[in-house]
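File shown: entry.pdb (PDB, C-alpha atoms).
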```pdb
ATOM      1  CA  MET Z   1     -29.396 -29.889 -49.235
ATOM      2  CA  LYS Z   2     -30.705 -26.384 -48.649
ATOM      3  CA  THR Z   3     -32.224 -27.396 -45.279
ATOM      4  CA  ARG Z   4     -28.935 -28.889 -44.091
ATOM      5  CA  THR Z   5     -27.074 -25.671 -44.932
ATOM      6  CA  ILE Z   6     -29.613 -23.568 -43.025
ATOM      7  CA  ASN Z   7     -29.457 -25.942 -40.050
ATOM      8  CA  ALA Z   8     -25.653 -25.879 -40.077
ATOM      9  CA  ILE Z   9     -25.639 -22.080 -40.128
ATOM     10  CA  ALA Z  10     -28.176 -21.950 -37.296
ATOM     11  CA  ILE Z  11     -26.115 -24.362 -35.177
ATOM     12  CA  ALA Z  12     -22.916 -22.441 -35.894
ATOM     13  CA  LEU Z  13     -24.558 -19.145 -34.906
ATOM     14  CA  GLY Z  14     -25.949 -20.747 -31.767
ATOM     15  CA  LEU Z  15     -22.501 -21.949 -30.754
ATOM     16  CA  VAL Z  16     -20.925 -18.562 -31.450
ATOM     17  CA  PHE Z  17     -23.499 -16.705 -29.345
ATOM     18  CA  SER Z  18     -23.492 -19.241 -26.508
ATOM     19  CA  SER Z  19     -19.707 -19.144 -26.250
ATOM     20  CA  ALA Z  20     -19.751 -15.328 -26.407
ATOM     21  CA  SER Z  21     -22.181 -15.147 -23.504
ATOM     22  CA  THR Z  22     -20.116 -17.625 -21.520
ATOM     23  CA  ALA Z  23     -16.958 -15.651 -22.203
ATOM     24  CA  ALA Z  24     -18.684 -12.451 -21.021
ATOM     25  CA  ALA Z  25     -19.614 -13.989 -17.667
ATOM     26  CA  MET Z  26     -17.371 -12.982 -14.787
ATOM     27  CA  THR Z  27     -15.503 -15.709 -12.950
ATOM     28  CA  ARG Z  28     -15.403 -15.874  -9.171
ATOM     29  CA  THR Z  29     -11.695 -15.025  -9.262
ATOM     30  CA  GLU Z  30     -12.321 -11.921 -11.372
ATOM     31  CA  TYR Z  31     -15.169 -10.946  -9.041
ATOM     32  CA  GLY Z  32     -12.906 -11.271  -5.989
ATOM     33  CA  ALA Z  33     -10.115  -9.299  -7.645
ATOM     34  CA  ASP Z  34     -12.495  -6.515  -8.651
ATOM     35  CA  LYS Z  35     -13.969  -6.415  -5.154
ATOM     36  CA  ASP Z  36     -10.475  -6.067  -3.662
ATOM     37  CA  ARG Z  37      -9.668  -3.306  -6.178
ATOM     38  CA  ILE Z  38     -12.825  -1.417  -5.190
ATOM     39  CA  GLU Z  39     -11.906  -1.623  -1.504
ATOM     40  CA  LYS Z  40      -8.336  -0.436  -2.215
ATOM     41  CA  ASP Z  41      -9.660   2.451  -4.318
ATOM     42  CA  TYR Z  42     -12.020   3.420  -1.502
ATOM     43  CA  LYS Z  43      -9.208   3.421   1.066
ATOM     44  CA  ALA Z  44      -7.041   5.549  -1.241
ATOM     45  CA  ASP Z  45      -9.885   7.981  -1.938
ATOM     46  CA  LYS Z  46     -10.694   8.256   1.751
ATOM     47  CA  ALA Z  47      -7.012   8.776   2.631
ATOM     48  CA  ALA Z  48      -6.921  11.647   0.127
ATOM     49  CA  CYS Z  49      -9.681  13.294   2.182
ATOM     50  CA  ASP Z  50      -7.572  13.271   5.358
ATOM     51  CA  SER Z  51      -5.667  16.388   4.327
ATOM     52  CA  MET Z  52      -8.939  18.343   4.087
ATOM     53  CA  SER Z  53     -11.031  19.796   6.885
ATOM     54  CA  GLY Z  54     -14.559  20.969   7.530
ATOM     55  CA  ASN Z  55     -17.304  20.443   5.008
ATOM     56  CA  LYS Z  56     -14.820  19.895   2.145
ATOM     57  CA  LYS Z  57     -13.667  16.781   3.980
ATOM     58  CA  ASP Z  58     -17.273  15.669   4.528
ATOM     59  CA  ILE Z  59     -18.000  16.078   0.814
ATOM     60  CA  CYS Z  60     -14.827  14.192  -0.099
ATOM     61  CA  VAL Z  61     -15.702  11.295   2.234
ATOM     62  CA  ALA Z  62     -19.283  11.196   0.891
ATOM     63  CA  GLU Z  63     -17.908  11.030  -2.662
ATOM     64  CA  ALA Z  64     -15.509   8.224  -1.726
ATOM     65  CA  LYS Z  65     -18.250   6.221   0.002
ATOM     66  CA  GLY Z  66     -20.631   6.810  -2.887
ATOM     67  CA  LYS Z  67     -18.052   5.736  -5.455
ATOM     68  CA  GLU Z  68     -17.425   2.537  -3.486
ATOM     69  CA  LYS Z  69     -21.140   1.804  -3.052
ATOM     70  CA  VAL Z  70     -21.845   2.312  -6.760
ATOM     71  CA  ALA Z  71     -18.829   0.251  -7.827
ATOM     72  CA  LYS Z  72     -19.889  -2.640  -5.593
ATOM     73  CA  ALA Z  73     -23.466  -2.517  -6.878
ATOM     74  CA  GLU Z  74     -22.276  -2.440 -10.500
ATOM     75  CA  LEU Z  75     -19.869  -5.285  -9.799
ATOM     76  CA  GLU Z  76     -22.719  -7.342  -8.386
ATOM     77  CA  ALA Z  77     -24.846  -6.512 -11.444
ATOM     78  CA  ASN Z  78     -22.021  -7.699 -13.713
ATOM     79  CA  TYR Z  79     -21.279 -10.817 -11.675
ATOM     80  CA  LYS Z  80     -24.912 -11.893 -11.266
ATOM     81  CA  PRO Z  81     -26.787 -10.142 -14.072
ATOM     82  CA  SER Z  82     -30.426  -9.670 -13.201
ATOM     83  CA  GLN Z  83     -33.075  -6.989 -13.298
ATOM     84  CA  LYS Z  84     -32.874  -6.627  -9.503
ATOM     85  CA  HIS Z  85     -29.102  -6.105  -9.473
ATOM     86  CA  ARG Z  86     -29.331  -3.526 -12.274
ATOM     87  CA  TYR Z  87     -32.063  -1.753 -10.267
ATOM     88  CA  ASP Z  88     -29.901  -1.879  -7.132
ATOM     89  CA  ALA Z  89     -26.995  -0.326  -9.052
ATOM     90  CA  ARG Z  90     -29.197   2.528 -10.287
ATOM     91  CA  VAL Z  91     -30.504   3.143  -6.771
ATOM     92  CA  ALA Z  92     -26.963   3.055  -5.336
ATOM     93  CA  LYS Z  93     -25.941   5.733  -7.852
ATOM     94  CA  ALA Z  94     -28.951   7.876  -6.937
ATOM     95  CA  GLU Z  95     -28.299   7.532  -3.211
ATOM     96  CA  ALA Z  96     -24.600   8.321  -3.622
ATOM     97  CA  ASP Z  97     -25.439  11.461  -5.598
ATOM     98  CA  TYR Z  98     -27.969  12.442  -2.926
ATOM     99  CA  ASP Z  99     -25.485  12.009  -0.090
ATOM    100  CA  VAL Z 100     -22.921  14.196  -1.850
ATOM    101  CA  ALA Z 101     -25.520  16.829  -2.749
ATOM    102  CA  LYS Z 102     -26.712  16.955   0.861
ATOM    103  CA  GLU Z 103     -23.152  17.519   2.058
ATOM    104  CA  ARG Z 104     -22.730  20.325  -0.467
ATOM    105  CA  CYS Z 105     -25.879  21.959   0.929
ATOM    106  CA  ASP Z 106     -24.203  22.214   4.342
ATOM    107  CA  ASP Z 107     -22.151  25.139   3.010
ATOM    108  CA  MET Z 108     -25.359  27.134   2.635
ATOM    109  CA  THR Z 109     -27.651  28.739   5.195
ATOM    110  CA  GLY Z 110     -31.287  29.710   5.540
ATOM    111  CA  ASN Z 111     -33.720  29.256   2.689
ATOM    112  CA  ALA Z 112     -30.933  28.581   0.182
ATOM    113  CA  LYS Z 113     -29.942  25.520   2.209
ATOM    114  CA  ASP Z 114     -33.570  24.389   2.489
ATOM    115  CA  VAL Z 115     -34.025  24.707  -1.278
ATOM    116  CA  CYS Z 116     -30.749  22.871  -1.892
ATOM    117  CA  VAL Z 117     -31.822  19.965   0.326
ATOM    118  CA  LYS Z 118     -35.269  19.817  -1.336
ATOM    119  CA  GLU Z 119     -33.639  19.793  -4.778
ATOM    120  CA  ALA Z 120     -31.317  16.973  -3.709
ATOM    121  CA  LYS Z 121     -34.265  15.006  -2.341
ATOM    122  CA  ALA Z 122     -36.250  15.649  -5.546
ATOM    123  CA  ALA Z 123     -33.320  14.400  -7.628
ATOM    124  CA  LEU Z 124     -33.133  11.252  -5.473
ATOM    125  CA  THR Z 125     -36.870  10.650  -5.797
ATOM    126  CA  SER Z 126     -36.684  11.198  -9.545
ATOM    127  CA  ALA Z 127     -33.713   8.853  -9.992
ATOM    128  CA  LYS Z 128     -35.378   6.128  -7.908
ATOM    129  CA  ALA Z 129     -38.571   6.546  -9.909
ATOM    130  CA  ASP Z 130     -36.605   6.216 -13.152
ATOM    131  CA  ALA Z 131     -34.922   3.072 -11.818
ATOM    132  CA  LYS Z 132     -38.305   1.625 -10.929
ATOM    133  CA  VAL Z 133     -39.646   2.425 -14.403
ATOM    134  CA  GLN Z 134     -36.699   0.692 -16.017
ATOM    135  CA  GLU Z 135     -37.384  -2.329 -13.829
ATOM    136  CA  LYS Z 136     -41.110  -2.479 -14.452
ATOM    137  CA  SER Z 137     -43.714  -0.882 -16.640
ATOM    138  CA  GLY Z 138     -47.356   0.135 -16.658
ATOM    139  CA  GLU Z 139     -48.477   1.164 -13.182
ATOM    140  CA  ALA Z 140     -44.873   1.805 -12.133
ATOM    141  CA  ARG Z 141     -44.573   4.489 -14.813
ATOM    142  CA  LYS Z 142     -47.612   6.324 -13.463
ATOM    143  CA  ASP Z 143     -46.334   6.037  -9.894
ATOM    144  CA  ALA Z 144     -42.913   7.288 -10.960
ATOM    145  CA  ALA Z 145     -44.417  10.279 -12.743
ATOM    146  CA  ASP Z 146     -46.504  11.097  -9.649
ATOM    147  CA  ASP Z 147     -43.456  10.810  -7.389
ATOM    148  CA  LYS Z 148     -41.446  13.108  -9.645
ATOM    149  CA  ARG Z 149     -44.227  15.682  -9.814
ATOM    150  CA  ASP Z 150     -44.630  15.656  -6.013
ATOM    151  CA  ALA Z 151     -40.891  16.120  -5.494
ATOM    152  CA  GLU Z 152     -40.734  18.983  -8.001
ATOM    153  CA  TYR Z 153     -43.735  20.634  -6.312
ATOM    154  CA  LYS Z 154     -41.986  20.499  -2.943
ATOM    155  CA  VAL Z 155     -38.942  22.224  -4.438
ATOM    156  CA  ALA Z 156     -41.062  24.940  -6.049
ATOM    157  CA  LYS Z 157     -42.965  25.473  -2.792
ATOM    158  CA  GLU Z 158     -39.708  25.744  -0.833
ATOM    159  CA  LYS Z 159     -38.420  28.349  -3.263
ATOM    160  CA  CYS Z 160     -41.533  30.409  -2.533
ATOM    161  CA  ASP Z 161     -40.588  30.544   1.150
ATOM    162  CA  ALA Z 162     -37.866  33.063   0.294
ATOM    163  CA  LEU Z 163     -40.614  35.506  -0.656
ATOM    164  CA  SER Z 164     -43.223  37.204   1.524
ATOM    165  CA  GLY Z 165     -46.706  38.684   1.276
ATOM    166  CA  ASP Z 166     -48.502  38.735  -2.063
ATOM    167  CA  ALA Z 167     -45.405  37.603  -3.940
ATOM    168  CA  LYS Z 168     -45.205  34.451  -1.805
ATOM    169  CA  ASP Z 169     -48.944  33.775  -2.257
ATOM    170  CA  ALA Z 170     -48.647  34.241  -6.026
ATOM    171  CA  CYS Z 171     -45.591  31.990  -6.145
ATOM    172  CA  GLN Z 172     -47.353  29.241  -4.193
ATOM    173  CA  ALA Z 173     -50.495  29.541  -6.342
ATOM    174  CA  LYS Z 174     -48.372  29.273  -9.492
ATOM    175  CA  ALA Z 175     -46.558  26.198  -8.124
ATOM    176  CA  ALA Z 176     -49.874  24.569  -7.144
ATOM    177  CA  ALA Z 177     -51.319  25.222 -10.592
ATOM    178  CA  GLN Z 178     -48.193  24.037 -12.397
ATOM    179  CA  TYR Z 179     -48.037  20.728 -10.495
ATOM    180  CA  GLY Z 180     -51.785  20.126 -10.201
ATOM    181  CA  LYS Z 181     -52.053  20.532  -6.431
TER
END
```
Exercise: express the given structure as structure tokens:
Amino acid sequence: MKTRTINAIAIALGLVFSSASTAAAMTRTEYGADKDRIEKDYKADKAACDSMSGNKKDICVAEAKGKEKVAKAELEANYKPSQKHRYDARVAKAEADYDVAKERCDDMTGNAKDVCVKEAKAALTSAKADAKVQEKSGEARKDAADDKRDAEYKVAKEKCDALSGDAKDACQAKAAAQYGK
């Protein structure tokens, strides 16, 4: 009697969880509707940029494109859940952030612009490394940590370029020591 009760509970739980996972799956119709919504949102966001000019417009367009790219990647990850699609969504987010950050750097000049671009690139490298770590483990974690450290070193080195003479040499030596170069 006790075994039958346990089996009945196990079967009932199995049915509840299997129907919950089926209900969570996105239908093709829902996928198509969401894809259309994303495209409409992109067109509206891009149209809002038309009233702007110069670099503000470039930043606005980059944000609109990035939002669309991320939304499509996340939609794909929801429609066809897999490790690869989740990775692609993370990378799309990182690349969208990078594109916007690069556009924002265009407002700057000289070394400040160079540092800004290096920081944006370091953030992209770091985000991609994090996405790779979440996808895999072991060797990928070491590679990701190395990539992050290299990107941070490049930023620190670029910041030193604003200095000159002994101060620049000391700055570069400190950066090299801090990042093991």
Matched chain/residue IDs from the PyMOL selection byres ((chain Z and resi 64) around 6), as a VMD selection string
chain Z and resid 42 45 to 46 61 to 63 65 to 67
Could you state the separation of atom CA of Z:Lys168 and atom CA of Z:Ala101 in Å, given to one decimal place?
26.4 Å
Can you give me, as a list of chain:residue names, the residues this file yields under the PyMOL selection byres ((chain Z and resi 122) around 8)?
Z:Lys118, Z:Glu119, Z:Ala120, Z:Lys121, Z:Ala123, Z:Leu124, Z:Thr125, Z:Ser126, Z:Lys148, Z:Ala151, Z:Glu152, Z:Lys154, Z:Val155
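If you measure from each of Z:Ile38, Z:Met26, Z:Ala44, Z:Cys116 to Z:Tyr79 using only C-alpha atoms, the closest one turns out to be Z:Met26.
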Taking the file as shown, find all residues satisfying the PyMOL selection byres ((chain Z and resi 74) around 10) and write them as a JSON list (two decimals) with C-alpha atoms, in the frame of the given file.
```json
[["chain", "number", "residue", "atom", "x", "y", "z"],
["Z", 68, "GLU", "CA", -17.42, 2.54, -3.49],
["Z", 69, "LYS", "CA", -21.14, 1.80, -3.05],
["Z", 70, "VAL", "CA", -21.84, 2.31, -6.76],
["Z", 71, "ALA", "CA", -18.83, 0.25, -7.83],
["Z", 72, "LYS", "CA", -19.89, -2.64, -5.59],
["Z", 73, "ALA", "CA", -23.47, -2.52, -6.88],
["Z", 75, "LEU", "CA", -19.87, -5.28, -9.80],
["Z", 76, "GLU", "CA", -22.72, -7.34, -8.39],
["Z", 77, "ALA", "CA", -24.85, -6.51, -11.44],
["Z", 78, "ASN", "CA", -22.02, -7.70, -13.71],
["Z", 79, "TYR", "CA", -21.28, -10.82, -11.68],
["Z", 80, "LYS", "CA", -24.91, -11.89, -11.27],
["Z", 81, "PRO", "CA", -26.79, -10.14, -14.07],
["Z", 85, "HIS", "CA", -29.10, -6.10, -9.47],
["Z", 86, "ARG", "CA", -29.33, -3.53, -12.27],
["Z", 87, "TYR", "CA", -32.06, -1.75, -10.27],
["Z", 88, "ASP", "CA", -29.90, -1.88, -7.13],
["Z", 89, "ALA", "CA", -27.00, -0.33, -9.05],
["Z", 90, "ARG", "CA", -29.20, 2.53, -10.29],
["Z", 92, "ALA", "CA", -26.96, 3.06, -5.34],
["Z", 93, "LYS", "CA", -25.94, 5.73, -7.85]]
```
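Each of Z:Ala144, Z:Ala94, Z:Ala170, Z:Ala162 was compared to Z:Val115 using all atoms listed in the file, and Z:Ala162 turns out to be the nearest.
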Figure out the distance between atom CA of Z:Lys132 and atom CA of Z:Arg149, please, to one decimal in Å.
15.3 Å
For Z:Lys57, the nearest of the candidates Z:Asp107, Z:Asp130, Z:Asp169, Z:Asp36, counting only C-alpha atoms
Z:Asp107
If I take atom CA of Z:Gln134 and atom CA of Z:Val91, how far is one from the other in Å, to one decimal?
11.4 Å
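Between Z:Ala131 and the candidates Z:Lys56, Z:Lys84, Z:Lys35, Z:Lys40, the tightest atom-to-atom separation, counting only C-alpha atoms, involves Z:Lys84.
With only C-alpha atoms as the basis for measurement, Z:Ala127 is the residue among Z:Ser164, Z:Ala48, Z:Ala127, Z:Ser82 that approaches Z:Ala96 most closely.
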